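Q: You'll find upload_3.cif just under this line, and it carries mmCIF, C-alpha atoms.
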data_work
#
loop_
_atom_site.label_atom_id
_atom_site.label_comp_id
_atom_site.auth_asym_id
_atom_site.auth_seq_id
_atom_site.Cartn_x
_atom_site.Cartn_y
_atom_site.Cartn_z
CA MET A 47 -0.62 2.89 -39.12
CA SER A 48 -0.46 -0.33 -41.12
CA ALA A 49 -3.33 -1.46 -43.28
CA GLY A 50 -4.17 -4.40 -41.05
CA THR A 51 -3.04 -6.65 -38.24
CA GLY A 52 -1.28 -9.96 -38.56
CA ASP A 53 -4.12 -12.00 -37.06
CA ALA A 54 -7.05 -10.18 -38.66
CA GLU A 55 -9.86 -12.28 -40.08
CA ALA A 56 -10.30 -12.73 -43.81
CA PRO A 57 -13.00 -10.65 -45.51
CA ASP A 58 -16.45 -12.22 -45.54
CA SER A 59 -18.22 -12.27 -48.90
CA GLY A 60 -21.51 -11.96 -47.02
CA ARG A 61 -20.62 -8.55 -45.59
CA ALA A 62 -23.61 -6.29 -45.12
CA ARG A 63 -24.49 -4.11 -48.09
CA ASP A 64 -25.82 -1.31 -45.92
CA GLY A 65 -22.37 -0.18 -44.83
CA GLY A 66 -23.06 -0.93 -41.17
CA THR A 67 -21.04 -3.04 -38.76
CA GLY A 68 -21.22 -5.97 -41.16
CA ASP A 69 -22.75 -8.46 -38.73
CA ARG A 70 -26.49 -8.45 -39.32
CA GLN A 71 -26.18 -10.45 -42.53
CA ASP A 72 -23.09 -12.35 -41.44
CA THR A 73 -24.68 -14.03 -38.42
CA GLY A 74 -28.36 -13.25 -38.56
CA HIS A 75 -30.37 -11.82 -35.69
CA HIS A 76 -28.80 -12.42 -32.31
CA ASP A 77 -30.87 -14.52 -29.93
CA GLY A 78 -30.10 -15.59 -26.38
CA PRO A 79 -27.75 -13.94 -23.87
CA ASP A 80 -26.03 -10.63 -24.42
CA PRO A 81 -22.96 -11.38 -26.60
CA SER A 82 -20.81 -9.14 -24.45
CA GLY A 83 -21.13 -11.61 -21.62
CA ALA A 84 -22.08 -8.94 -19.10
CA ALA A 85 -25.26 -7.09 -18.36
CA GLY A 86 -25.41 -3.42 -17.55
CA THR A 87 -22.05 -2.54 -19.10
CA ARG A 88 -23.35 -0.69 -22.12
CA GLY A 89 -24.72 2.78 -22.37
CA ALA A 90 -26.55 4.32 -25.33
CA GLY A 91 -24.41 6.00 -27.93
CA PRO A 92 -23.84 9.77 -27.72
CA ASP A 93 -26.12 10.28 -30.72
CA GLY A 94 -28.99 8.33 -29.16
CA THR A 95 -28.25 5.05 -30.94
CA GLU A 96 -29.33 1.75 -29.46
CA PRO A 97 -26.94 0.27 -26.87
CA GLU A 98 -26.27 -2.86 -28.95
CA GLU A 99 -25.49 -0.81 -32.05
CA ASP A 100 -23.07 1.33 -30.08
CA LEU A 101 -21.51 -1.79 -28.52
CA LEU A 102 -20.96 -3.51 -31.88
CA ALA A 103 -19.56 -0.33 -33.41
CA ARG A 104 -17.08 0.18 -30.58
CA VAL A 105 -15.96 -3.45 -30.71
CA LEU A 106 -15.39 -3.06 -34.45
CA LEU A 107 -13.42 0.13 -33.91
CA THR A 108 -11.08 -1.60 -31.42
CA ARG A 109 -9.96 -3.62 -34.47
CA VAL A 110 -9.54 -0.48 -36.57
CA PHE A 111 -7.90 2.13 -34.34
CA GLU A 112 -4.76 1.71 -32.29
CA PRO A 113 -5.10 2.52 -28.56
CA GLY A 114 -4.98 6.22 -27.85
CA ASP A 115 -5.78 7.29 -31.45
CA ALA A 116 -6.97 10.84 -30.74
CA THR A 117 -8.15 11.39 -34.33
CA GLY A 118 -10.39 8.36 -34.20
CA GLY A 119 -11.53 9.38 -30.74
CA GLN A 120 -12.51 12.81 -32.07
CA TRP A 121 -14.58 11.22 -34.84
CA VAL A 122 -16.39 9.05 -32.29
CA ARG A 123 -17.01 12.03 -30.01
CA GLU A 124 -18.37 14.22 -32.81
CA ARG A 125 -20.27 11.62 -34.89
CA GLY A 126 -20.86 8.66 -32.61
CA ALA A 127 -19.29 5.23 -32.89
CA PRO A 128 -22.00 3.72 -35.15
CA ALA A 129 -21.68 6.51 -37.72
CA VAL A 130 -17.88 6.16 -37.81
CA ALA A 131 -18.18 2.38 -38.16
CA ARG A 132 -20.68 2.72 -41.03
CA ARG A 133 -18.41 5.17 -42.82
CA LEU A 134 -15.46 2.81 -42.53
CA ARG A 135 -17.43 -0.27 -43.63
CA SER A 136 -19.01 1.51 -46.58
CA GLY A 137 -15.63 2.64 -47.92
CA GLY A 138 -16.69 6.28 -48.09
CA PRO A 139 -14.40 9.30 -48.49
CA PRO A 140 -11.85 10.01 -45.75
CA LEU A 141 -12.97 11.68 -42.58
CA PRO A 142 -11.12 14.89 -41.60
CA GLY A 143 -7.58 14.71 -40.28
CA VAL A 144 -6.15 11.69 -42.13
CA SER A 145 -4.29 11.15 -45.37
CA GLY A 146 -5.61 8.98 -48.16
CA ARG A 147 -2.99 6.35 -47.40
CA ARG A 148 -3.94 6.12 -43.75
CA TRP A 149 -7.64 6.05 -44.60
CA ALA A 150 -6.99 3.09 -46.90
CA GLY A 151 -5.32 1.28 -44.03
CA LEU A 152 -8.28 1.96 -41.76
CA LEU A 153 -10.69 0.68 -44.41
CA ALA A 154 -8.69 -2.54 -44.74
CA ARG A 155 -8.85 -3.09 -41.00
CA ALA A 156 -12.58 -2.33 -40.92
CA GLU A 157 -13.26 -4.84 -43.69
CA ARG A 158 -11.67 -7.63 -41.65
CA ALA A 159 -13.39 -6.75 -38.37
CA ARG A 160 -16.09 -9.11 -37.07
CA PRO A 161 -17.47 -7.60 -33.86
CA ARG A 162 -20.03 -10.32 -33.10
CA GLN A 163 -17.36 -12.96 -33.51
CA ASP A 164 -15.03 -11.01 -31.18
CA LEU A 165 -17.79 -10.83 -28.56
CA ALA A 166 -18.46 -14.56 -28.87
CA VAL A 167 -14.76 -15.39 -28.47
CA ALA A 168 -14.58 -13.04 -25.48
CA ARG A 169 -17.65 -14.62 -23.88
CA ASP A 170 -16.14 -18.10 -24.20
CA ALA A 171 -12.99 -16.82 -22.46
CA GLY A 172 -14.96 -15.21 -19.63
CA VAL A 173 -14.32 -11.69 -20.96
CA ARG A 174 -16.81 -8.82 -21.20
CA PHE A 175 -16.64 -5.52 -23.08
CA VAL A 176 -17.30 -2.37 -21.05
CA CYS A 177 -18.39 0.75 -22.95
CA PRO A 178 -18.02 4.39 -21.88
CA GLY A 179 -21.16 5.54 -20.11
CA GLY A 180 -22.02 2.07 -18.88
CA ALA A 181 -22.53 1.16 -15.24
CA GLU A 182 -19.06 -0.42 -14.95
CA TRP A 183 -17.15 2.28 -16.83
CA PRO A 184 -14.59 4.16 -14.66
CA ARG A 185 -15.43 7.82 -15.20
CA GLN A 186 -11.88 8.97 -14.49
CA LEU A 187 -10.80 7.52 -17.87
CA ASP A 188 -12.80 10.34 -19.48
CA ASP A 189 -9.98 12.66 -18.40
CA LEU A 190 -8.01 11.27 -21.36
CA GLY A 191 -10.25 13.22 -23.74
CA ASP A 192 -10.18 11.98 -27.32
CA ALA A 193 -7.44 9.49 -26.37
CA ARG A 194 -9.90 7.73 -24.05
CA PRO A 195 -10.31 4.01 -24.76
CA LEU A 196 -13.20 3.13 -27.07
CA GLY A 197 -14.04 0.51 -24.46
CA LEU A 198 -12.29 -2.00 -22.24
CA TRP A 199 -12.15 -5.78 -22.42
CA VAL A 200 -12.47 -6.99 -18.83
CA ARG A 201 -11.70 -10.44 -17.46
CA GLY A 202 -12.50 -11.19 -13.82
CA PRO A 203 -15.42 -11.20 -11.39
CA ALA A 204 -15.09 -7.77 -9.77
CA GLY A 205 -16.72 -4.50 -10.80
CA LEU A 206 -14.12 -2.32 -12.51
CA ARG A 207 -15.68 1.04 -11.71
CA MET A 208 -15.88 0.47 -7.95
CA TRP A 209 -12.40 -1.00 -7.75
CA ALA A 210 -10.89 1.88 -9.68
CA LEU A 211 -12.26 4.40 -7.17
CA ARG A 212 -9.73 3.22 -4.58
CA SER A 213 -6.76 2.18 -6.67
CA VAL A 214 -3.09 3.07 -6.91
CA ALA A 215 -0.55 2.14 -9.60
CA VAL A 216 2.77 0.52 -8.65
CA VAL A 217 5.12 0.39 -11.64
CA GLY A 218 8.83 0.17 -12.36
CA ALA A 219 11.65 -1.50 -14.23
CA ARG A 220 11.30 -4.92 -15.82
CA ALA A 221 14.95 -5.74 -15.09
CA CYS A 222 14.65 -4.62 -11.49
CA THR A 223 17.06 -5.34 -8.67
CA GLU A 224 16.31 -7.50 -5.66
CA TYR A 225 15.73 -4.27 -3.74
CA GLY A 226 13.20 -3.07 -6.30
CA ALA A 227 11.27 -6.35 -6.24
CA HIS A 228 11.25 -6.33 -2.44
CA MET A 229 10.01 -2.74 -2.25
CA ALA A 230 7.29 -3.32 -4.88
CA ALA A 231 6.00 -6.43 -3.10
CA THR A 232 6.15 -4.83 0.35
CA LEU A 233 4.42 -1.62 -0.73
CA SER A 234 1.70 -3.53 -2.58
CA ALA A 235 1.08 -5.88 0.33
CA GLY A 236 0.73 -2.90 2.66
CA LEU A 237 -1.61 -1.10 0.27
CA ALA A 238 -3.77 -4.20 -0.13
CA GLU A 239 -3.96 -4.64 3.63
CA SER A 240 -5.15 -1.03 3.86
CA GLY A 241 -7.98 -1.74 1.42
CA TRP A 242 -6.41 -0.31 -1.73
CA ILE A 243 -6.44 -1.93 -5.18
CA VAL A 244 -2.95 -2.32 -6.69
CA VAL A 245 -2.83 -1.67 -10.45
CA SER A 246 0.15 -2.58 -12.63
CA GLY A 247 1.03 -3.80 -16.11
CA GLY A 248 1.56 -7.53 -15.58
CA ALA A 249 5.16 -7.36 -16.85
CA TYR A 250 8.30 -8.92 -15.43
CA GLY A 251 10.17 -7.16 -12.64
CA VAL A 252 8.43 -4.54 -10.53
CA ASP A 253 4.99 -5.12 -12.10
CA GLY A 254 5.01 -8.83 -11.29
CA ALA A 255 6.32 -8.20 -7.77
CA ALA A 256 3.54 -5.66 -7.17
CA HIS A 257 0.82 -8.08 -8.28
CA ARG A 258 2.29 -10.90 -6.19
CA GLY A 259 2.61 -8.71 -3.11
CA ALA A 260 -1.07 -7.76 -3.29
CA LEU A 261 -2.20 -11.34 -3.89
CA ALA A 262 0.02 -12.74 -1.13
CA SER A 263 -1.65 -10.47 1.42
CA GLY A 264 -5.10 -11.58 0.31
CA GLY A 265 -5.70 -8.26 -1.43
CA ALA A 266 -6.95 -7.14 -4.82
CA THR A 267 -5.00 -6.27 -7.94
CA VAL A 268 -5.66 -5.26 -11.56
CA ALA A 269 -3.39 -6.04 -14.53
CA VAL A 270 -3.66 -3.67 -17.51
CA LEU A 271 -2.36 -5.50 -20.59
CA ALA A 272 -1.09 -4.23 -23.95
CA CYS A 273 -2.63 -7.19 -25.78
CA GLY A 274 -5.85 -9.17 -25.84
CA VAL A 275 -6.83 -10.16 -22.30
CA ASP A 276 -7.43 -13.72 -23.51
CA ARG A 277 -3.76 -13.99 -24.53
CA PRO A 278 -1.57 -13.32 -21.45
CA TYR A 279 1.74 -11.61 -22.06
CA PRO A 280 4.51 -12.18 -21.12
CA ARG A 281 4.10 -15.94 -21.50
CA GLY A 282 6.10 -16.50 -18.34
CA HIS A 283 3.34 -14.74 -16.40
CA THR A 284 0.49 -16.87 -17.75
CA GLN A 285 -0.11 -18.45 -14.36
CA LEU A 286 0.14 -15.11 -12.53
CA ILE A 287 -2.27 -13.37 -14.90
CA GLY A 288 -4.65 -16.29 -14.62
CA ARG A 289 -4.58 -15.95 -10.85
CA ILE A 290 -5.19 -12.21 -11.13
CA ALA A 291 -8.22 -12.92 -13.33
CA GLU A 292 -9.58 -15.28 -10.67
CA GLN A 293 -9.03 -12.95 -7.69
CA GLY A 294 -8.97 -9.56 -9.38
CA LEU A 295 -9.25 -8.08 -12.87
CA VAL A 296 -7.32 -8.25 -16.13
CA ILE A 297 -8.22 -5.43 -18.53
CA GLY A 298 -7.07 -4.06 -21.88
CA GLU A 299 -8.14 -2.05 -24.91
CA LEU A 300 -7.25 -4.58 -27.58
CA PRO A 301 -9.71 -7.23 -28.81
CA PRO A 302 -9.24 -10.97 -28.36
CA GLY A 303 -6.13 -12.47 -29.89
CA GLU A 304 -4.29 -9.18 -30.41
CA HIS A 305 -0.56 -9.18 -29.70
CA PRO A 306 1.51 -6.49 -27.95
CA THR A 307 3.90 -4.09 -29.65
CA GLN A 308 6.29 -1.53 -28.23
CA SER A 309 3.93 1.36 -29.05
CA ARG A 310 1.02 -0.49 -27.44
CA PHE A 311 3.00 -0.89 -24.22
CA VAL A 312 3.64 2.85 -24.12
CA LEU A 313 0.01 3.73 -24.88
CA ARG A 314 -1.24 1.23 -22.31
CA ASN A 315 0.50 3.27 -19.61
CA ARG A 316 -1.90 6.20 -20.03
CA VAL A 317 -4.76 3.92 -18.95
CA ILE A 318 -2.88 2.88 -15.81
CA ALA A 319 -2.25 6.54 -14.98
CA ALA A 320 -5.83 7.70 -15.62
CA LEU A 321 -7.49 4.75 -13.88
CA THR A 322 -5.77 5.23 -10.52
CA ARG A 323 -5.58 7.86 -7.78
CA GLY A 324 -1.80 7.99 -8.02
CA THR A 325 1.27 6.30 -9.48
CA VAL A 326 4.26 4.99 -7.50
CA VAL A 327 7.49 4.36 -9.41
CA VAL A 328 9.76 1.92 -7.59
CA GLU A 329 12.77 1.61 -9.91
CA ALA A 330 13.23 3.23 -13.32
CA ALA A 331 16.16 4.13 -15.53
CA HIS A 332 16.09 7.38 -17.50
CA ARG A 333 14.32 5.76 -20.48
CA SER A 334 11.99 3.48 -18.52
CA GLY A 335 8.40 3.11 -19.71
CA SER A 336 7.24 3.48 -16.13
CA LEU A 337 8.28 7.13 -16.30
CA VAL A 338 5.77 7.50 -19.14
CA THR A 339 3.08 6.34 -16.70
CA ALA A 340 4.27 8.79 -14.05
CA ARG A 341 4.37 11.75 -16.44
CA ALA A 342 0.92 10.88 -17.75
CA ALA A 343 -0.28 10.87 -14.13
CA GLN A 344 1.24 14.31 -13.62
CA ARG A 345 -0.48 15.68 -16.73
CA LEU A 346 -3.80 14.26 -15.53
CA GLY A 347 -3.43 15.83 -12.09
CA ARG A 348 -2.93 12.52 -10.31
CA HIS A 349 -0.48 12.03 -7.44
CA THR A 350 2.99 10.97 -8.55
CA MET A 351 5.36 9.25 -6.11
CA GLY A 352 8.81 7.71 -6.24
CA VAL A 353 10.73 5.25 -4.08
CA PRO A 354 14.37 6.34 -3.79
CA GLY A 355 17.25 3.95 -4.42
CA PRO A 356 21.04 4.15 -4.15
CA ALA A 357 22.46 7.30 -5.70
CA THR A 358 24.87 5.12 -7.69
CA SER A 359 22.13 2.89 -9.20
CA GLY A 360 21.26 3.53 -12.84
CA LEU A 361 17.94 1.78 -12.26
CA SER A 362 16.98 4.48 -9.75
CA ALA A 363 18.24 7.42 -11.81
CA GLY A 364 14.87 7.97 -13.49
CA VAL A 365 13.06 7.89 -10.14
CA HIS A 366 15.48 10.42 -8.66
CA GLU A 367 14.94 12.74 -11.64
CA LEU A 368 11.19 12.36 -11.15
CA LEU A 369 11.58 13.33 -7.50
CA ARG A 370 13.60 16.41 -8.50
CA GLN A 371 10.73 17.38 -10.82
CA GLY A 372 8.12 17.38 -8.05
CA ALA A 373 7.10 13.80 -7.36
CA VAL A 374 6.66 12.91 -3.68
CA LEU A 375 9.19 10.63 -2.01
CA VAL A 376 7.55 7.60 -0.34
CA THR A 377 9.08 4.69 1.52
CA ASP A 378 6.11 2.61 2.72
CA ALA A 379 2.41 2.00 2.15
CA ALA A 380 1.35 4.35 4.98
CA GLU A 381 3.03 7.31 3.28
CA ILE A 382 1.29 6.47 -0.01
CA VAL A 383 -2.10 6.22 1.68
CA GLU A 384 -1.53 9.54 3.47
CA LEU A 385 -1.06 11.21 0.08
CA ILE A 386 -3.86 9.59 -1.92
CA GLY A 387 -6.32 8.66 0.83
CA GLY A 388 -8.99 10.61 2.64
CA MET A 389 -8.75 13.01 5.54
CA GLY A 390 -7.32 11.41 8.66
CA GLU A 391 -5.45 8.63 6.85
CA LEU A 392 -2.09 9.81 8.15
CA ALA A 393 1.22 8.01 8.22
CA PRO A 394 2.75 7.59 11.69
CA VAL A 395 5.18 10.28 12.81
CA ARG A 396 8.74 9.12 12.13
CA ARG A 397 11.11 9.43 15.11
CA GLY A 398 14.50 8.07 15.98
CA PRO A 399 15.05 5.87 19.04
CA VAL A 400 14.27 7.41 22.42
CA LEU A 401 17.45 7.67 24.51
CA PRO A 402 17.44 7.74 28.33
CA ARG A 403 18.71 11.32 28.31
CA ASP A 404 15.61 12.33 26.28
CA LEU A 405 13.54 11.53 29.40
CA LEU A 406 15.40 14.04 31.60
CA GLU A 407 13.67 17.18 32.75
CA PRO A 408 14.66 20.26 30.70
CA ALA A 409 16.65 21.80 33.60
CA ALA A 410 18.67 18.61 34.07
CA ARG A 411 19.31 18.37 30.30
CA SER A 412 20.62 21.95 30.33
CA VAL A 413 23.08 21.17 33.12
CA LEU A 414 24.19 17.97 31.39
CA ALA A 415 24.74 19.88 28.14
CA ALA A 416 26.87 22.47 30.00
CA LEU A 417 29.51 19.94 31.03
CA PRO A 418 32.59 19.86 28.77
CA GLY A 419 33.12 16.88 26.49
CA ARG A 420 36.57 16.30 27.96
CA GLY A 421 37.89 17.08 31.42
CA SER A 422 35.96 18.48 34.35
CA ALA A 423 34.33 21.78 35.32
CA GLY A 424 33.32 23.42 38.59
CA PRO A 425 29.73 24.20 39.63
CA GLU A 426 30.09 27.90 38.83
CA GLU A 427 31.25 27.26 35.25
CA ILE A 428 28.51 24.65 34.73
CA ALA A 429 25.88 27.03 36.13
CA ARG A 430 26.92 29.77 33.68
CA GLY A 431 26.66 27.34 30.76
CA ALA A 432 23.23 26.15 31.91
CA GLN A 433 22.03 29.69 32.67
CA THR A 434 21.13 28.83 36.27
CA THR A 435 22.48 29.33 39.78
CA PRO A 436 25.41 27.32 41.24
CA ASP A 437 23.13 25.82 43.92
CA ASP A 438 20.62 24.66 41.31
CA ALA A 439 23.45 23.28 39.16
CA VAL A 440 24.82 21.25 42.08
CA ALA A 441 21.36 19.85 42.81
CA ARG A 442 20.98 18.79 39.18
CA LEU A 443 24.49 17.33 39.10
CA TYR A 444 23.68 15.01 42.00
CA GLU A 445 20.54 13.88 40.17
CA LEU A 446 22.61 13.17 37.08
CA ARG A 447 25.16 11.33 39.18
CA ALA A 448 22.46 9.01 40.52
CA LEU A 449 21.46 8.25 36.91
CA GLY A 450 25.04 7.51 35.91
CA TYR A 451 25.62 10.51 33.63
CA VAL A 452 28.25 12.43 35.67
CA GLU A 453 30.79 11.76 38.37
CA ARG A 454 32.57 13.88 40.97
CA HIS A 455 36.19 14.60 40.14
CA GLY A 456 37.84 16.55 42.96
CA ASP A 457 36.13 19.91 43.16
CA GLY A 458 34.68 19.52 39.68
CA TRP A 459 32.33 17.31 37.69
CA LYS A 460 32.87 15.34 34.49
CA LEU A 461 30.77 13.23 32.11
CA THR A 462 30.78 9.46 32.39
CA ARG A 463 31.36 7.26 29.36
CA GLN A 464 27.60 6.54 29.27
CA ALA A 465 26.90 10.23 28.70
CA VAL A 466 29.76 10.89 26.22
CA ILE A 467 29.00 8.15 23.65
CA PRO A 468 25.35 9.12 22.86
CA ALA A 469 26.37 12.77 22.66
CA GLU A 470 28.97 11.98 19.98
CA ARG A 471 26.54 10.10 17.67
#
Is it possible to give me this structure as structure tokens?

A:
Amino acid sequence: MSAGTGDAEAPDSGRARDGGTGDRQDTGHHDGPDPSGAAGTRGAGPDGTEPEEDLLARVLLTRVFEPGDATGGQWVRERGAPAVARRLRSGGPPLPGVSGRRWAGLLARAERARPRQDLAVARDAGVRFVCPGGAEWPRQLDDLGDARPLGLWVRGPAGLRMWALRSVAVVGARACTEYGAHMAATLSAGLAESGWIVVSGGAYGVDGAAHRGALASGGATVAVLACGVDRPYPRGHTQLIGRIAEQGLVIGELPPGEHPTQSRFVLRNRVIAALTRGTVVVEAAHRSGSLVTARAAQRLGRHTMGVPGPATSGLSAGVHELLRQGAVLVTDAAEIVELIGGMGELAPVRRGPVLPRDLLEPAARSVLAALPGRGSAGPEEIARGAQTTPDDAVARLYELRALGYVERHGDGWKLTRQAVIPAER
């Protein structure tokens, strides 16, 4: 881990001398509305600390730790976020599990952190910070253990916890084919129409198609970003992400202004997997990041699904491998809902077209099946093939003749063209 981030704030000479979060003396006592911009999103710290102290400590730590840092998460679990923040701001000796070099990097990041300022910037952008244990916190994220987010920055009017209870992830390749974009949009539109929340990563390709499909059907969608939620990425999706924030939710672990990196994209995927009831992969090559999401879902015990593509398509090779490893093949929204939904939410039974011969009585079908494909046969031979009597066979043959399936040919009977063609398909 590097010692700091490229857009970190400069150290403040007025930093608190008590080794705390460094904001009491920087900004004075906080008056007025909650700086997080949202009420009821904060729970008391695990060590009984005040909610605001825990909030400020967690906001500070989002500047210090990278997403998914299990070592930092263990410190927070064992000591509480305020105690870890105080240790980092005071420049004390390293906590267990890190080298001196890494500890120095963490201290440098902690020195630059300004949690109250981050909360003020977030408030101005319409963003709130949701802490674990708060009323809006999705409890399923706790399944990530020490890699659980320290908190989530949330932009949008909806309640994250309630939306996450009925959500499904639709992910796939950025450089997707026209087929992949069509399938992602169609699946997401169907899921939204069925009352499900579509979650994806806001990226180009399948992610963008999934978000657009949900929005186009008047449904709900959540974008999980690998950067600050006030700084949409990719830039080409600024309008789309803005629309998601108006109609749905945009969430992320990183504080305002933070930029994405390759490792942050990968680590973001664990949040998508843990937040949702299941993950659908539409198109993915063997090294696709969407497979990281699917495998994280498998480890967490979530449903994992794949949409098949052409056997010759490299962009579907990763999906096909996922299916070979136990993911469930799905082709439409109803099949997804059947897997992740409640009892009785069943997909319709799939059947081929009903042919006129399917409507025949069983005895008549047996006689029809006993006629040879070419040439004619007598009533006795047909009766043996149908396991019936010659008189019964003749009676059935005249019924079949009236329906246009057979015709009399001398002393025998033969199939008409109408009967031969369906039988050969």

Q: Excluding Ala238 in chain A and residues on its chain fewer than 4 positions from it, collect all residues at most 9 Å away from it, counting all atoms listed in the file, and give them as a list in words.

A: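 Residues near the query, excluding close chain neighbours: Leu233, Ser234, Trp242, Ile243, Val244, Gly259, Ala260, Leu261, Ser263, Gly264, Gly265, Ala266 and Thr267 of chain A.
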
Q: Decode the PyMOL selection byres ((chain A and resi 335) around 10) for the given file into explicit residues and return them as a list in words.

A: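 Applied to this file, the PyMOL selection byres ((chain A and resi 335) around 10) returns Val217, Gly218, Ala219, Arg220, Gln308, Phe311, Val312, Leu313, Asn315, Ala330, Ala331, His332, Arg333, Ser334, Ser336, Leu337, Val338, Thr339 and Ala340 of chain A.
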
Q: (11.9, -4.8, -11.2) in this file's frame - what residues fall within 10 Å of it? Use all atoms listed in the file and give the answer as a PDB file with C-alpha atoms, in the coordinates of the input.

A:
ATOM      1  CA  VAL A 217       5.120   0.390 -11.640  1.00  0.00           C
ATOM      2  CA  GLY A 218       8.830   0.170 -12.360  1.00  0.00           C
ATOM      3  CA  ALA A 219      11.650  -1.500 -14.230  1.00  0.00           C
ATOM      4  CA  ARG A 220      11.300  -4.920 -15.820  1.00  0.00           C
ATOM      5  CA  ALA A 221      14.950  -5.740 -15.090  1.00  0.00           C
ATOM      6  CA  CYS A 222      14.650  -4.620 -11.490  1.00  0.00           C
ATOM      7  CA  THR A 223      17.060  -5.340  -8.670  1.00  0.00           C
ATOM      8  CA  GLU A 224      16.310  -7.500  -5.660  1.00  0.00           C
ATOM      9  CA  TYR A 225      15.730  -4.270  -3.740  1.00  0.00           C
ATOM     10  CA  GLY A 226      13.200  -3.070  -6.300  1.00  0.00           C
ATOM     11  CA  ALA A 227      11.270  -6.350  -6.240  1.00  0.00           C
ATOM     12  CA  HIS A 228      11.250  -6.330  -2.440  1.00  0.00           C
ATOM     13  CA  MET A 229      10.010  -2.740  -2.250  1.00  0.00           C
ATOM     14  CA  ALA A 230       7.290  -3.320  -4.880  1.00  0.00           C
ATOM     15  CA  ALA A 249       5.160  -7.360 -16.850  1.00  0.00           C
ATOM     16  CA  TYR A 250       8.300  -8.920 -15.430  1.00  0.00           C
ATOM     17  CA  GLY A 251      10.170  -7.160 -12.640  1.00  0.00           C
ATOM     18  CA  VAL A 252       8.430  -4.540 -10.530  1.00  0.00           C
ATOM     19  CA  ASP A 253       4.990  -5.120 -12.100  1.00  0.00           C
ATOM     20  CA  GLY A 254       5.010  -8.830 -11.290  1.00  0.00           C
ATOM     21  CA  ALA A 255       6.320  -8.200  -7.770  1.00  0.00           C
ATOM     22  CA  ALA A 256       3.540  -5.660  -7.170  1.00  0.00           C
ATOM     23  CA  VAL A 328       9.760   1.920  -7.590  1.00  0.00           C
ATOM     24  CA  GLU A 329      12.770   1.610  -9.910  1.00  0.00           C
ATOM     25  CA  ALA A 330      13.230   3.230 -13.320  1.00  0.00           C
ATOM     26  CA  LEU A 361      17.940   1.780 -12.260  1.00  0.00           C
TER      27      LEU A 361
END

Q: For the provided coordinates, the residues matched by the PyMOL selection byres ((chain A and resi 341) around 12) should be stated as a PyMOL selection string.

A: chain A and resi 312+315-316+318-320+324-327+334-340+342-352+364-365+367-369+371-373

Q: Rank A:His283, A:Arg430, A:His257, A:Arg194 by their smallest atom-to-atom distance to Ala116 in chain A, using all atoms listed in the file, and report the top residue only.

A: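 With all atoms listed in the file as the atom set, the closest residue is A:Arg194.
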
Q: Find the distance between CA of Arg155 in chain A and CA of Val110 in chain A and write it in Å to one decimal.

A: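 Calculated distance between CA of Arg155 in chain A and CA of Val110 in chain A is 5.2 Å.
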
Q: Wanna dump the range 108-141 of chain A-range 288-306 of chain A contacts at 9 Å for me, each residue with its shortest atom pair and the distance in Å to one decimal, counting all atoms listed in the file, ordered by chain and number, as a Markdown table?

A:
| residue | atom | partner | partner_atom | distance |
| --- | --- | --- | --- | --- |
| A:Thr108 | CA | A:Leu300 | CA | 6.2 |
| A:Arg109 | CA | A:Pro301 | CA | 6.7 |
| A:Glu112 | CA | A:Leu300 | CA | 8.2 |
| A:Pro113 | CA | A:Glu299 | CA | 6.6 |

Q: Identify, on the basis of all atoms listed in the file, every residue whose closest approach to Val167 in chain A does not exceed 12 Å; exclude the query and any residue fewer than 2 positions from it along the same chain; express the result as a compact mmCIF listing (two decimals) with C-alpha atoms, keeping the file's coordinate frame.

A:
# COMPACT_ATOMS: atom_id res chain seq x y z
CA PRO A 81 -22.96 -11.38 -26.60
CA SER A 82 -20.81 -9.14 -24.45
CA GLY A 83 -21.13 -11.61 -21.62
CA ARG A 160 -16.09 -9.11 -37.07
CA PRO A 161 -17.47 -7.60 -33.86
CA ARG A 162 -20.03 -10.32 -33.10
CA GLN A 163 -17.36 -12.96 -33.51
CA ASP A 164 -15.03 -11.01 -31.18
CA LEU A 165 -17.79 -10.83 -28.56
CA ARG A 169 -17.65 -14.62 -23.88
CA ASP A 170 -16.14 -18.10 -24.20
CA ALA A 171 -12.99 -16.82 -22.46
CA GLY A 172 -14.96 -15.21 -19.63
CA VAL A 173 -14.32 -11.69 -20.96
CA ARG A 174 -16.81 -8.82 -21.20
CA PHE A 175 -16.64 -5.52 -23.08
CA TRP A 199 -12.15 -5.78 -22.42
CA GLY A 274 -5.85 -9.17 -25.84
CA VAL A 275 -6.83 -10.16 -22.30
CA ASP A 276 -7.43 -13.72 -23.51
CA ARG A 277 -3.76 -13.99 -24.53
CA PRO A 301 -9.71 -7.23 -28.81
CA PRO A 302 -9.24 -10.97 -28.36
CA GLY A 303 -6.13 -12.47 -29.89

Q: Out of A:Ile428, A:Val130, A:Val383, A:Ala166, which residue has the shortest atom-to-atom distance to Leu414 in chain A when counting only C-alpha atoms?

A: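 Under the stated criterion, the closest residue is A:Ile428.
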
Q: Expand the PyMOL selection byres ((chain A and resi 150) around 12) into the explicit residue set it covers here, and present it as a VMD selection string.

A: chain A and resid 47 to 50 110 134 to 135 137 to 141 144 to 149 151 to 157

Q: Which is closer to Arg133 in chain A than all the others in A:Leu375, A:Ala423, A:Val216, A:Leu107, using only C-alpha atoms?

A: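 Distance minimum relative to Arg133 in chain A lands on A:Leu107.
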